[in-house]
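Novice: mmCIF, C-alpha atoms, pLDDT in the B column; chains and numbers go by the auth columns, saved as entry-v2.cif, coming up:
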data_target
#
loop_
_atom_site.group_PDB
_atom_site.id
_atom_site.type_symbol
_atom_site.label_atom_id
_atom_site.label_comp_id
_atom_site.label_asym_id
_atom_site.label_seq_id
_atom_site.Cartn_x
_atom_site.Cartn_y
_atom_site.Cartn_z
_atom_site.B_iso_or_equiv
_atom_site.auth_seq_id
_atom_site.auth_asym_id
ATOM 1 C CA MET A 1 35.876 16.512 42.283 55.00 1 A
ATOM 2 C CA THR A 2 34.149 15.950 45.611 61.00 2 A
ATOM 3 C CA GLU A 3 31.327 13.687 46.742 57.00 3 A
ATOM 4 C CA ALA A 4 27.766 14.546 47.758 56.00 4 A
ATOM 5 C CA PRO A 5 25.253 12.525 49.803 57.00 5 A
ATOM 6 C CA THR A 6 22.595 10.775 47.758 53.00 6 A
ATOM 7 C CA GLY A 7 18.927 10.330 48.493 49.00 7 A
ATOM 8 C CA ASP A 8 19.478 6.860 49.987 49.00 8 A
ATOM 9 C CA GLY A 9 22.278 7.908 52.310 52.00 9 A
ATOM 10 C CA GLY A 10 25.129 6.986 49.995 49.00 10 A
ATOM 11 C CA VAL A 11 27.434 9.302 48.070 46.00 11 A
ATOM 12 C CA ARG A 12 27.997 10.060 44.423 52.00 12 A
ATOM 13 C CA PRO A 13 30.680 12.141 42.681 51.00 13 A
ATOM 14 C CA SER A 14 30.048 15.872 42.410 64.00 14 A
ATOM 15 C CA ARG A 15 31.891 18.258 40.119 77.00 15 A
ATOM 16 C CA THR A 16 32.143 21.137 42.557 87.00 16 A
ATOM 17 C CA THR A 17 35.522 22.367 43.747 90.00 17 A
ATOM 18 C CA MET A 18 34.115 22.601 47.277 93.00 18 A
ATOM 19 C CA PRO A 19 36.155 20.292 49.525 92.00 19 A
ATOM 20 C CA ALA A 20 34.543 16.873 49.856 90.00 20 A
ATOM 21 C CA ASP A 21 34.177 16.972 53.627 92.00 21 A
ATOM 22 C CA ARG A 22 32.552 20.397 53.526 94.00 22 A
ATOM 23 C CA ALA A 23 30.086 19.410 50.798 94.00 23 A
ATOM 24 C CA ASP A 24 29.195 16.249 52.684 93.00 24 A
ATOM 25 C CA ALA A 25 28.645 18.106 55.964 94.00 25 A
ATOM 26 C CA LEU A 26 26.644 20.846 54.263 96.00 26 A
ATOM 27 C CA LEU A 27 24.120 18.509 52.671 97.00 27 A
ATOM 28 C CA ARG A 28 23.854 16.279 55.718 96.00 28 A
ATOM 29 C CA GLN A 29 23.132 19.348 57.836 97.00 29 A
ATOM 30 C CA LEU A 30 19.992 19.893 55.767 98.00 30 A
ATOM 31 C CA ARG A 31 18.746 16.310 55.851 98.00 31 A
ATOM 32 C CA GLY A 32 15.356 15.901 57.492 97.00 32 A
ATOM 33 C CA LYS A 33 15.230 19.579 58.392 97.00 33 A
ATOM 34 C CA LEU A 34 13.506 22.854 57.593 98.00 34 A
ATOM 35 C CA VAL A 35 14.970 25.561 55.378 98.00 35 A
ATOM 36 C CA VAL A 36 13.251 28.955 55.591 98.00 36 A
ATOM 37 C CA SER A 37 13.010 31.169 52.525 98.00 37 A
ATOM 38 C CA CYS A 38 13.525 34.791 53.552 98.00 38 A
ATOM 39 C CA GLN A 39 12.309 36.917 50.653 97.00 39 A
ATOM 40 C CA ALA A 40 10.022 39.897 50.152 96.00 40 A
ATOM 41 C CA PRO A 41 8.379 40.921 46.860 92.00 41 A
ATOM 42 C CA PRO A 42 8.875 44.325 45.237 91.00 42 A
ATOM 43 C CA GLY A 43 6.927 47.007 47.044 93.00 43 A
ATOM 44 C CA ASP A 44 6.799 45.112 50.329 95.00 44 A
ATOM 45 C CA PRO A 45 7.988 47.194 53.331 96.00 45 A
ATOM 46 C CA LEU A 46 10.353 44.346 54.219 96.00 46 A
ATOM 47 C CA ARG A 47 12.124 44.542 50.842 96.00 47 A
ATOM 48 C CA ALA A 48 15.546 45.635 52.135 97.00 48 A
ATOM 49 C CA PRO A 49 18.751 43.732 52.952 98.00 49 A
ATOM 50 C CA ALA A 50 18.684 44.779 56.614 98.00 50 A
ATOM 51 C CA HIS A 51 15.141 43.485 57.016 98.00 51 A
ATOM 52 C CA MET A 52 15.946 40.163 55.372 98.00 52 A
ATOM 53 C CA ALA A 53 19.035 39.791 57.543 98.00 53 A
ATOM 54 C CA ALA A 54 16.907 40.397 60.624 98.00 54 A
ATOM 55 C CA MET A 55 14.311 37.921 59.370 98.00 55 A
ATOM 56 C CA ALA A 56 16.960 35.261 58.769 98.00 56 A
ATOM 57 C CA ALA A 57 18.521 35.882 62.173 97.00 57 A
ATOM 58 C CA SER A 58 15.099 35.627 63.790 97.00 58 A
ATOM 59 C CA VAL A 59 14.057 32.316 62.221 97.00 59 A
ATOM 60 C CA THR A 60 17.412 30.688 62.973 96.00 60 A
ATOM 61 C CA ALA A 61 17.696 31.964 66.557 95.00 61 A
ATOM 62 C CA GLY A 62 16.911 29.015 68.777 84.00 62 A
ATOM 63 C CA ALA A 63 14.659 27.242 66.276 85.00 63 A
ATOM 64 C CA PRO A 64 15.792 23.941 64.699 93.00 64 A
ATOM 65 C CA VAL A 65 16.082 25.540 61.260 97.00 65 A
ATOM 66 C CA ALA A 66 18.820 24.038 59.105 97.00 66 A
ATOM 67 C CA GLY A 67 19.317 26.824 56.576 98.00 67 A
ATOM 68 C CA VAL A 68 17.900 29.839 54.794 98.00 68 A
ATOM 69 C CA ARG A 69 17.097 30.634 51.154 98.00 69 A
ATOM 70 C CA VAL A 70 17.710 34.238 50.139 98.00 70 A
ATOM 71 C CA GLN A 71 17.179 36.267 46.955 98.00 71 A
ATOM 72 C CA GLY A 72 19.490 38.978 45.628 98.00 72 A
ATOM 73 C CA VAL A 73 23.190 39.668 46.029 98.00 73 A
ATOM 74 C CA GLU A 74 22.779 42.439 48.605 98.00 74 A
ATOM 75 C CA ASP A 75 20.393 40.376 50.707 98.00 75 A
ATOM 76 C CA ILE A 76 22.728 37.367 50.540 98.00 76 A
ATOM 77 C CA GLU A 77 25.657 39.467 51.729 98.00 77 A
ATOM 78 C CA ALA A 78 23.578 40.941 54.567 98.00 78 A
ATOM 79 C CA VAL A 79 22.300 37.550 55.693 98.00 79 A
ATOM 80 C CA ARG A 80 25.741 35.942 55.441 98.00 80 A
ATOM 81 C CA ALA A 81 27.069 38.597 57.833 98.00 81 A
ATOM 82 C CA VAL A 82 24.671 37.587 60.613 97.00 82 A
ATOM 83 C CA VAL A 83 23.771 33.927 60.007 97.00 83 A
ATOM 84 C CA GLY A 84 26.147 30.973 60.042 96.00 84 A
ATOM 85 C CA HIS A 85 23.632 28.428 58.743 97.00 85 A
ATOM 86 C CA PRO A 86 23.861 27.009 55.218 97.00 86 A
ATOM 87 C CA LEU A 87 22.705 29.627 52.753 98.00 87 A
ATOM 88 C CA ILE A 88 20.858 28.852 49.518 98.00 88 A
ATOM 89 C CA GLY A 89 21.150 31.903 47.295 98.00 89 A
ATOM 90 C CA LEU A 90 19.444 32.971 44.107 98.00 90 A
ATOM 91 C CA TRP A 91 18.990 36.103 42.011 98.00 91 A
ATOM 92 C CA LYS A 92 15.601 36.952 40.547 98.00 92 A
ATOM 93 C CA ASP A 93 16.076 39.079 37.448 97.00 93 A
ATOM 94 C CA GLY A 94 12.740 39.831 35.804 94.00 94 A
ATOM 95 C CA THR A 95 9.247 38.458 36.390 93.00 95 A
ATOM 96 C CA GLU A 96 8.522 36.103 33.489 94.00 96 A
ATOM 97 C CA GLY A 97 10.055 33.012 31.959 96.00 97 A
ATOM 98 C CA VAL A 98 13.433 31.976 33.321 98.00 98 A
ATOM 99 C CA TYR A 99 14.290 34.652 35.884 98.00 99 A
ATOM 100 C CA ILE A 100 15.620 32.728 38.900 98.00 100 A
ATOM 101 C CA THR A 101 19.405 32.999 38.527 98.00 101 A
ATOM 102 C CA PRO A 102 18.944 33.000 34.743 98.00 102 A
ATOM 103 C CA THR A 103 22.584 33.053 33.602 98.00 103 A
ATOM 104 C CA ALA A 104 26.023 31.847 34.610 98.00 104 A
ATOM 105 C CA ALA A 105 26.981 35.445 35.479 98.00 105 A
ATOM 106 C CA HIS A 106 24.090 35.677 37.933 98.00 106 A
ATOM 107 C CA ALA A 107 25.105 32.351 39.463 98.00 107 A
ATOM 108 C CA ARG A 108 28.734 33.420 39.958 98.00 108 A
ATOM 109 C CA ALA A 109 27.598 36.618 41.673 98.00 109 A
ATOM 110 C CA VAL A 110 25.367 34.643 44.036 98.00 110 A
ATOM 111 C CA ALA A 111 28.217 32.314 44.989 98.00 111 A
ATOM 112 C CA GLU A 112 30.635 35.206 45.453 98.00 112 A
ATOM 113 C CA ALA A 113 28.122 36.921 47.753 98.00 113 A
ATOM 114 C CA GLY A 114 28.410 34.032 50.205 98.00 114 A
ATOM 115 C CA ALA A 115 25.896 31.350 49.213 98.00 115 A
ATOM 116 C CA GLU A 116 27.203 27.808 49.590 98.00 116 A
ATOM 117 C CA ILE A 117 24.320 26.550 47.452 98.00 117 A
ATOM 118 C CA VAL A 118 23.172 28.407 44.335 98.00 118 A
ATOM 119 C CA ALA A 119 19.590 27.830 43.204 98.00 119 A
ATOM 120 C CA ALA A 120 18.608 28.399 39.586 98.00 120 A
ATOM 121 C CA ASP A 121 15.707 27.758 37.244 98.00 121 A
ATOM 122 C CA ALA A 122 16.436 24.362 35.691 98.00 122 A
ATOM 123 C CA THR A 123 13.251 24.024 33.677 98.00 123 A
ATOM 124 C CA GLY A 124 13.316 23.215 29.984 95.00 124 A
ATOM 125 C CA ARG A 125 12.372 26.766 29.005 97.00 125 A
ATOM 126 C CA PRO A 126 14.771 28.950 26.965 96.00 126 A
ATOM 127 C CA ARG A 127 17.234 30.934 29.058 97.00 127 A
ATOM 128 C CA PRO A 128 17.348 34.698 28.415 96.00 128 A
ATOM 129 C CA ASP A 129 20.918 34.673 27.097 96.00 129 A
ATOM 130 C CA GLY A 130 20.330 31.621 24.929 96.00 130 A
ATOM 131 C CA ARG A 131 23.058 29.682 26.724 97.00 131 A
ATOM 132 C CA PRO A 132 22.611 26.117 28.046 97.00 132 A
ATOM 133 C CA LEU A 133 21.921 25.337 31.691 97.00 133 A
ATOM 134 C CA SER A 134 25.140 23.312 31.790 97.00 134 A
ATOM 135 C CA GLU A 135 27.150 26.550 31.715 97.00 135 A
ATOM 136 C CA THR A 136 25.415 27.762 34.877 98.00 136 A
ATOM 137 C CA VAL A 137 26.010 24.456 36.644 97.00 137 A
ATOM 138 C CA GLU A 138 29.686 24.564 35.682 97.00 138 A
ATOM 139 C CA ALA A 139 30.031 28.198 36.817 97.00 139 A
ATOM 140 C CA VAL A 140 28.600 27.342 40.232 98.00 140 A
ATOM 141 C CA HIS A 141 30.926 24.392 40.629 97.00 141 A
ATOM 142 C CA ARG A 142 33.970 26.421 39.584 97.00 142 A
ATOM 143 C CA ALA A 143 32.999 28.989 42.204 97.00 143 A
ATOM 144 C CA GLY A 144 33.191 26.291 44.885 97.00 144 A
ATOM 145 C CA ALA A 145 29.451 26.109 45.537 98.00 145 A
ATOM 146 C CA LEU A 146 26.772 23.456 45.093 98.00 146 A
ATOM 147 C CA PHE A 147 24.030 23.723 42.472 98.00 147 A
ATOM 148 C CA MET A 148 20.336 23.421 43.356 98.00 148 A
ATOM 149 C CA ALA A 149 18.059 22.837 40.359 98.00 149 A
ATOM 150 C CA ASP A 150 14.614 24.415 40.677 98.00 150 A
ATOM 151 C CA VAL A 151 12.345 22.256 38.518 98.00 151 A
ATOM 152 C CA SER A 152 8.673 21.728 37.723 98.00 152 A
ATOM 153 C CA THR A 153 8.593 18.167 36.365 98.00 153 A
ATOM 154 C CA VAL A 154 10.261 14.805 36.802 98.00 154 A
ATOM 155 C CA GLU A 155 11.895 15.077 33.383 98.00 155 A
ATOM 156 C CA GLU A 156 13.494 18.403 34.312 98.00 156 A
ATOM 157 C CA GLY A 157 14.798 16.974 37.566 98.00 157 A
ATOM 158 C CA VAL A 158 16.325 13.960 35.825 98.00 158 A
ATOM 159 C CA ALA A 159 17.916 16.210 33.199 98.00 159 A
ATOM 160 C CA ALA A 160 19.366 18.541 35.849 98.00 160 A
ATOM 161 C CA ALA A 161 20.851 15.620 37.771 97.00 161 A
ATOM 162 C CA GLY A 162 22.449 14.475 34.547 97.00 162 A
ATOM 163 C CA LEU A 163 24.102 17.868 34.180 97.00 163 A
ATOM 164 C CA GLY A 164 25.658 17.580 37.631 96.00 164 A
ATOM 165 C CA ALA A 165 23.133 19.261 39.929 97.00 165 A
ATOM 166 C CA ASP A 166 23.847 18.522 43.587 97.00 166 A
ATOM 167 C CA LEU A 167 20.237 18.948 44.723 97.00 167 A
ATOM 168 C CA VAL A 168 16.876 19.187 42.991 98.00 168 A
ATOM 169 C CA SER A 169 13.955 21.225 44.336 98.00 169 A
ATOM 170 C CA THR A 170 10.281 21.164 43.330 98.00 170 A
ATOM 171 C CA THR A 171 10.158 24.970 43.531 98.00 171 A
ATOM 172 C CA LEU A 172 8.652 25.600 40.117 98.00 172 A
ATOM 173 C CA SER A 173 5.892 22.996 39.999 98.00 173 A
ATOM 174 C CA GLY A 174 2.735 24.946 39.218 97.00 174 A
ATOM 175 C CA TYR A 175 4.706 27.895 37.874 96.00 175 A
ATOM 176 C CA THR A 176 5.219 26.489 34.391 97.00 176 A
ATOM 177 C CA PRO A 177 2.188 26.017 32.128 96.00 177 A
ATOM 178 C CA TYR A 178 2.906 22.326 31.653 97.00 178 A
ATOM 179 C CA SER A 179 3.198 21.373 35.338 98.00 179 A
ATOM 180 C CA PRO A 180 0.242 20.597 37.670 96.00 180 A
ATOM 181 C CA GLN A 181 -1.741 23.686 38.646 96.00 181 A
ATOM 182 C CA GLN A 182 -2.878 22.982 42.188 95.00 182 A
ATOM 183 C CA PRO A 183 -3.317 24.922 45.446 94.00 183 A
ATOM 184 C CA GLY A 184 -1.102 22.711 47.580 95.00 184 A
ATOM 185 C CA PRO A 185 2.412 21.253 47.356 97.00 185 A
ATOM 186 C CA ASP A 186 3.251 18.809 44.577 98.00 186 A
ATOM 187 C CA LEU A 187 3.960 15.798 46.768 98.00 187 A
ATOM 188 C CA ALA A 188 3.655 13.448 43.804 98.00 188 A
ATOM 189 C CA LEU A 189 6.613 15.188 42.179 98.00 189 A
ATOM 190 C CA VAL A 190 8.621 14.954 45.404 98.00 190 A
ATOM 191 C CA ARG A 191 7.867 11.253 45.634 98.00 191 A
ATOM 192 C CA GLU A 192 8.753 10.425 42.041 98.00 192 A
ATOM 193 C CA LEU A 193 11.953 12.478 42.005 98.00 193 A
ATOM 194 C CA ALA A 194 13.089 10.954 45.306 98.00 194 A
ATOM 195 C CA GLY A 195 12.484 7.504 43.868 97.00 195 A
ATOM 196 C CA ARG A 196 14.419 8.136 40.664 97.00 196 A
ATOM 197 C CA LEU A 197 17.370 10.337 41.620 97.00 197 A
ATOM 198 C CA ASP A 198 20.501 9.572 43.596 96.00 198 A
ATOM 199 C CA ILE A 199 20.850 13.177 44.810 97.00 199 A
ATOM 200 C CA PRO A 200 18.849 14.995 47.507 98.00 200 A
ATOM 201 C CA VAL A 201 15.371 16.198 46.563 98.00 201 A
ATOM 202 C CA CYS A 202 13.977 19.233 48.372 98.00 202 A
ATOM 203 C CA ALA A 203 10.270 19.993 48.630 98.00 203 A
ATOM 204 C CA GLU A 204 9.377 23.627 47.999 98.00 204 A
ATOM 205 C CA GLY A 205 6.311 25.456 46.829 97.00 205 A
ATOM 206 C CA ARG A 206 2.921 26.152 48.484 96.00 206 A
ATOM 207 C CA LEU A 207 3.832 24.420 51.741 97.00 207 A
ATOM 208 C CA ARG A 208 1.577 26.213 54.222 95.00 208 A
ATOM 209 C CA THR A 209 1.290 23.982 57.296 96.00 209 A
ATOM 210 C CA PRO A 210 3.521 21.807 59.476 97.00 210 A
ATOM 211 C CA GLU A 211 1.388 18.844 58.389 98.00 211 A
ATOM 212 C CA GLU A 212 2.187 19.494 54.730 98.00 212 A
ATOM 213 C CA ALA A 213 5.886 19.799 55.569 98.00 213 A
ATOM 214 C CA ARG A 214 5.736 16.462 57.360 98.00 214 A
ATOM 215 C CA ALA A 215 3.933 14.903 54.403 98.00 215 A
ATOM 216 C CA ALA A 216 6.702 16.125 52.104 98.00 216 A
ATOM 217 C CA MET A 217 9.277 14.376 54.274 98.00 217 A
ATOM 218 C CA GLU A 218 7.220 11.203 54.207 98.00 218 A
ATOM 219 C CA ALA A 219 7.151 11.491 50.397 98.00 219 A
ATOM 220 C CA GLY A 220 10.943 11.311 50.366 98.00 220 A
ATOM 221 C CA ALA A 221 12.137 14.908 50.637 98.00 221 A
ATOM 222 C CA TRP A 222 15.689 15.403 51.863 98.00 222 A
ATOM 223 C CA ALA A 223 14.717 18.830 53.232 98.00 223 A
ATOM 224 C CA VAL A 224 11.674 21.092 53.151 98.00 224 A
ATOM 225 C CA VAL A 225 11.833 24.752 52.103 98.00 225 A
ATOM 226 C CA VAL A 226 9.052 26.990 53.456 98.00 226 A
ATOM 227 C CA GLY A 227 8.736 30.689 52.695 97.00 227 A
ATOM 228 C CA GLY A 228 5.486 32.647 52.751 95.00 228 A
ATOM 229 C CA ALA A 229 3.876 30.569 55.495 97.00 229 A
ATOM 230 C CA ILE A 230 6.631 31.782 57.828 97.00 230 A
ATOM 231 C CA THR A 231 8.140 34.996 56.468 97.00 231 A
ATOM 232 C CA ALA A 232 5.315 36.815 54.632 96.00 232 A
ATOM 233 C CA PRO A 233 3.357 38.789 57.256 95.00 233 A
ATOM 234 C CA ALA A 234 0.848 40.231 54.760 93.00 234 A
ATOM 235 C CA ALA A 235 -0.061 36.811 53.400 92.00 235 A
ATOM 236 C CA ILE A 236 -0.309 35.306 56.878 95.00 236 A
ATOM 237 C CA ALA A 237 -2.496 38.169 58.097 95.00 237 A
ATOM 238 C CA GLY A 238 -4.629 37.813 54.993 94.00 238 A
ATOM 239 C CA ARG A 239 -5.405 34.178 55.766 92.00 239 A
ATOM 240 C CA PHE A 240 -6.525 35.075 59.268 94.00 240 A
ATOM 241 C CA ALA A 241 -8.592 38.013 58.027 95.00 241 A
ATOM 242 C CA ALA A 242 -10.274 35.858 55.381 94.00 242 A
ATOM 243 C CA ALA A 243 -11.427 33.443 58.075 94.00 243 A
ATOM 244 C CA LEU A 244 -13.314 36.163 59.985 95.00 244 A
ATOM 245 C CA PRO A 245 -16.826 37.415 59.201 88.00 245 A
ATOM 246 C CA GLY A 246 -15.689 40.987 58.566 78.00 246 A
ATOM 247 C CA GLU A 247 -18.011 42.547 61.098 70.00 247 A
ATOM 248 C CA PRO A 248 -18.906 41.876 64.737 67.00 248 A
ATOM 249 C CA ALA A 249 -21.449 39.134 65.272 61.00 249 A
ATOM 250 C CA SER A 250 -24.843 40.421 66.389 60.00 250 A
ATOM 251 C CA ARG A 251 -25.701 39.993 70.035 56.00 251 A
#
Show me, as structure tokens, the structure contained in the file I just sent.
Specialist:
Amino acid sequence: MTEAPTGDGGVRPSRTTMPADRADALLRQLRGKLVVSCQAPPGDPLRAPAHMAAMAASVTAGAPVAGVRVQGVEDIEAVRAVVGHPLIGLWKDGTEGVYITPTAAHARAVAEAGAEIVAADATGRPRPDGRPLSETVEAVHRAGALFMADVSTVEEGVAAAGLGADLVSTTLSGYTPYSPQQPGPDLALVRELAGRLDIPVCAEGRLRTPEEARAAMEAGAWAVVVGGAITAPAAIAGRFAAALPGEPASR
């Protein structure tokens, strides 16, 4: 058993087999910093391990980025080969329900690919193999990695912490039918989780501006994870295009 930093700067026992000093340094490296999610959806020209590795290398080169979040075993391996920053890994298998690292087998593969932190859906929804979330948490810890719980509500975050999660992230707020459906980040969830849990809480989901990232920190986030606002060229270009009239102004 090792120890992990808590939201108030203290430490609490963690069940991972990762050495205590390494776990402590890893989480403290993220504190107060930006993590960039380097992912591309199916069909996107950037959907290839080499492209994601280049993207991760680009965002971490010279910028004060603390870590990267990467999807898929091949992408994780490619990114790990070129980036020394902390790596949050996950495996999306499917498109509906619980598909972010949905089983213990997926979680082990993510850890073995080189992710120090394994992110998984920790909502209350049924898992595709019918097994409990606790098995995934235990598999991650046995693999020597830390477990990040992607949640959508306070209750899910509290439950995940009780199972031994090392971090909780607001990733899935707005992506479950029973969580707030809103265009911006769920700062209320960040604030309440940070006030109730003794483990780090990460803000993730619909963070589109530096001001929103700052607001998440002020709400109590340990770290902020930003993806599409930085690494999705089509979405970024779309926002610019939508702001233009579509035809030259008359003279």
Novice: Just say which residues the PyMOL selection byres ((chain A and resi 150) around 8) picks in this file, as a PyMOL selection string.
Specialist: chain A and resi 119-123+148-149+151-152+168-172
Novice: Given only C-alpha atoms as the basis, pick out the residue of A:Ala242, A:Val73, A:Leu30, A:Ala234 nearest to Ala221 in chain A.
Specialist: A:Leu30
Novice: Return the single residue from A:Val158, A:Ala241, A:Ile230, A:Ala213 that is closest to Val59 in chain A, with distances computed using all atoms listed in the file.
Specialist: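 For Val59 in chain A, the nearest of the candidates is A:Ile230.
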Novice: Enter the distance from CA of Glu74 in chain A to CA of Gly43 in chain A, in Å, rounded to one decimal.
Specialist: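 CA of Gly43 in chain A lies at a distance of 16.6 Å from CA of Glu74 in chain A.
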Novice: Could you tell me which of A:Pro102, A:Gly246, A:Gly89, A:Gly184 comes closest to Glu77 in chain A if we count only C-alpha atoms?
Specialist: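 Of all the options, A:Gly89 lies closest to Glu77 in chain A.
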Novice: Applied to this file, what does the PyMOL selection byres ((chain A and resi 68) around 7) return in terms of residues, put as JSON, numbers by chain?
Specialist: {"A": [35, 36, 37, 38, 56, 67, 69, 70, 86, 87, 88]}
Novice: Could you check how far CA of Glu135 in chain A sits from CA of Thr103 in chain A, in Å to one decimal?
Specialist: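 We find that CA of Glu135 in chain A and CA of Thr103 in chain A lie 8.2 Å from each other.
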Novice: Taking the file as I've supplied it (selection: the PyMOL selection byres ((chain A and resi 113) around 10)), which residues are included? Please answer as a ChimeraX atom specification.
Specialist: /A:72-80,89,107-112,114-116
Novice: Using only C-alpha atoms, which of A:Met55, A:Val118, A:Leu207, A:Ile199 sits nearest Gly228 in chain A?
Specialist: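 Residue with the minimum atom-to-atom distance to Gly228 in chain A: A:Leu207.
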Novice: I need the residue nearest Thr16 in chain A from this list: A:Glu96, A:Glu192, A:Asp198, A:Asp166. Use all atoms listed in the file for the distance.
Specialist: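 Comparing A:Glu96, A:Glu192, A:Asp198, A:Asp166 against Thr16 in chain A, the winner is A:Asp166.
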Novice: Counting all atoms listed in the file, which of A:Arg125, A:Arg214, A:His51, A:Arg208 gets nearest to Lys33 in chain A?
Specialist: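 Ranking A:Arg125, A:Arg214, A:His51, A:Arg208 by distance to Lys33 in chain A, first place goes to A:Arg214.
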Novice: If I take CA of Arg47 in chain A and CA of Pro233 in chain A, how far is one from the other in Å, to one decimal?
Specialist: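 Distance between the two atoms: 12.3 Å.
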Novice: So that I can check the surroundings of range 217-220 of chain A, please list as a count of residues only every protein, DNA and RNA residue that reaches within 9 Å of it, counting all atoms listed in the file and ignoring chain neighbours fewer than 6 positions away.
Specialist: 14
Novice: Could you pull the residues within 8 Å of Thr136 in chain A, counting only C-alpha atoms, minus those fewer than 2 positions along the same chain, as a PDB file with C-alpha atoms, keeping the file's coordinate frame?
Specialist:
ATOM      1  CA  THR A 103      22.584  33.053  33.602  1.00 98.00           C
ATOM      2  CA  ALA A 104      26.023  31.847  34.610  1.00 98.00           C
ATOM      3  CA  ALA A 105      26.981  35.445  35.479  1.00 98.00           C
ATOM      4  CA  ALA A 107      25.105  32.351  39.463  1.00 98.00           C
ATOM      5  CA  PRO A 132      22.611  26.117  28.046  1.00 97.00           C
ATOM      6  CA  LEU A 133      21.921  25.337  31.691  1.00 97.00           C
ATOM      7  CA  SER A 134      25.140  23.312  31.790  1.00 97.00           C
ATOM      8  CA  GLU A 138      29.686  24.564  35.682  1.00 97.00           C
ATOM      9  CA  ALA A 139      30.031  28.198  36.817  1.00 97.00           C
ATOM     10  CA  VAL A 140      28.600  27.342  40.232  1.00 98.00           C
TER      11      VAL A 140
END
Novice: Hey, can I get the axis-aligned box for range 203-215 of chain A? All listed atoms, 8 Å padding on each side, centre and edge lengths in Å to one decimal, as lines of an AutoDock Vina configuration file.
Specialist:
center_x = 5.8
center_y = 20.6
center_z = 53.2
size_x = 25.0
size_y = 27.3
size_z = 28.6
Novice: Please rebuild range 65-76 of chain A with N, CA, C and O atoms and give the result as a PDB file, keeping the file's coordinate frame.
Specialist:
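What follows is the written file selection04.pdb:
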ATOM      1  N   VAL A  65      16.084  25.248  62.686  1.00 97.00           N
ATOM      2  CA  VAL A  65      16.082  25.540  61.260  1.00 97.00           C
ATOM      3  C   VAL A  65      17.470  25.230  60.714  1.00 97.00           C
ATOM      4  O   VAL A  65      18.478  25.676  61.277  1.00 97.00           O
ATOM      5  N   ALA A  66      17.528  24.486  59.616  1.00 97.00           N
ATOM      6  CA  ALA A  66      18.820  24.038  59.105  1.00 97.00           C
ATOM      7  C   ALA A  66      19.494  25.044  58.194  1.00 97.00           C
ATOM      8  O   ALA A  66      20.720  25.038  58.058  1.00 97.00           O
ATOM      9  N   GLY A  67      18.725  25.891  57.516  1.00 98.00           N
ATOM     10  CA  GLY A  67      19.317  26.824  56.576  1.00 98.00           C
ATOM     11  C   GLY A  67      18.312  27.862  56.128  1.00 98.00           C
ATOM     12  O   GLY A  67      17.137  27.826  56.515  1.00 98.00           O
ATOM     13  N   VAL A  68      18.772  28.798  55.318  1.00 98.00           N
ATOM     14  CA  VAL A  68      17.900  29.839  54.794  1.00 98.00           C
ATOM     15  C   VAL A  68      18.101  29.958  53.286  1.00 98.00           C
ATOM     16  O   VAL A  68      19.172  29.664  52.759  1.00 98.00           O
ATOM     17  N   ARG A  69      17.054  30.401  52.599  1.00 98.00           N
ATOM     18  CA  ARG A  69      17.097  30.634  51.154  1.00 98.00           C
ATOM     19  C   ARG A  69      16.824  32.123  50.943  1.00 98.00           C
ATOM     20  O   ARG A  69      15.836  32.652  51.442  1.00 98.00           O
ATOM     21  N   VAL A  70      17.730  32.774  50.223  1.00 98.00           N
ATOM     22  CA  VAL A  70      17.710  34.238  50.139  1.00 98.00           C
ATOM     23  C   VAL A  70      17.876  34.676  48.694  1.00 98.00           C
ATOM     24  O   VAL A  70      18.671  34.101  47.943  1.00 98.00           O
ATOM     25  N   GLN A  71      17.166  35.744  48.314  1.00 98.00           N
ATOM     26  CA  GLN A  71      17.179  36.267  46.955  1.00 98.00           C
ATOM     27  C   GLN A  71      17.926  37.594  46.858  1.00 98.00           C
ATOM     28  O   GLN A  71      17.694  38.503  47.647  1.00 98.00           O
ATOM     29  N   GLY A  72      18.815  37.716  45.900  1.00 98.00           N
ATOM     30  CA  GLY A  72      19.490  38.978  45.628  1.00 98.00           C
ATOM     31  C   GLY A  72      20.857  39.069  46.284  1.00 98.00           C
ATOM     32  O   GLY A  72      21.030  38.670  47.440  1.00 98.00           O
ATOM     33  N   VAL A  73      21.809  39.604  45.545  1.00 98.00           N
ATOM     34  CA  VAL A  73      23.190  39.668  46.029  1.00 98.00           C
ATOM     35  C   VAL A  73      23.306  40.463  47.325  1.00 98.00           C
ATOM     36  O   VAL A  73      23.968  40.033  48.282  1.00 98.00           O
ATOM     37  N   GLU A  74      22.670  41.622  47.394  1.00 98.00           N
ATOM     38  CA  GLU A  74      22.779  42.439  48.605  1.00 98.00           C
ATOM     39  C   GLU A  74      22.151  41.750  49.809  1.00 98.00           C
ATOM     40  O   GLU A  74      22.699  41.809  50.924  1.00 98.00           O
ATOM     41  N   ASP A  75      21.023  41.100  49.603  1.00 98.00           N
ATOM     42  CA  ASP A  75      20.393  40.376  50.707  1.00 98.00           C
ATOM     43  C   ASP A  75      21.258  39.205  51.159  1.00 98.00           C
ATOM     44  O   ASP A  75      21.380  38.934  52.356  1.00 98.00           O
ATOM     45  N   ILE A  76      21.852  38.488  50.198  1.00 98.00           N
ATOM     46  CA  ILE A  76      22.728  37.367  50.540  1.00 98.00           C
ATOM     47  C   ILE A  76      23.899  37.836  51.385  1.00 98.00           C
ATOM     48  O   ILE A  76      24.244  37.238  52.408  1.00 98.00           O
TER      49      ILE A  76
END
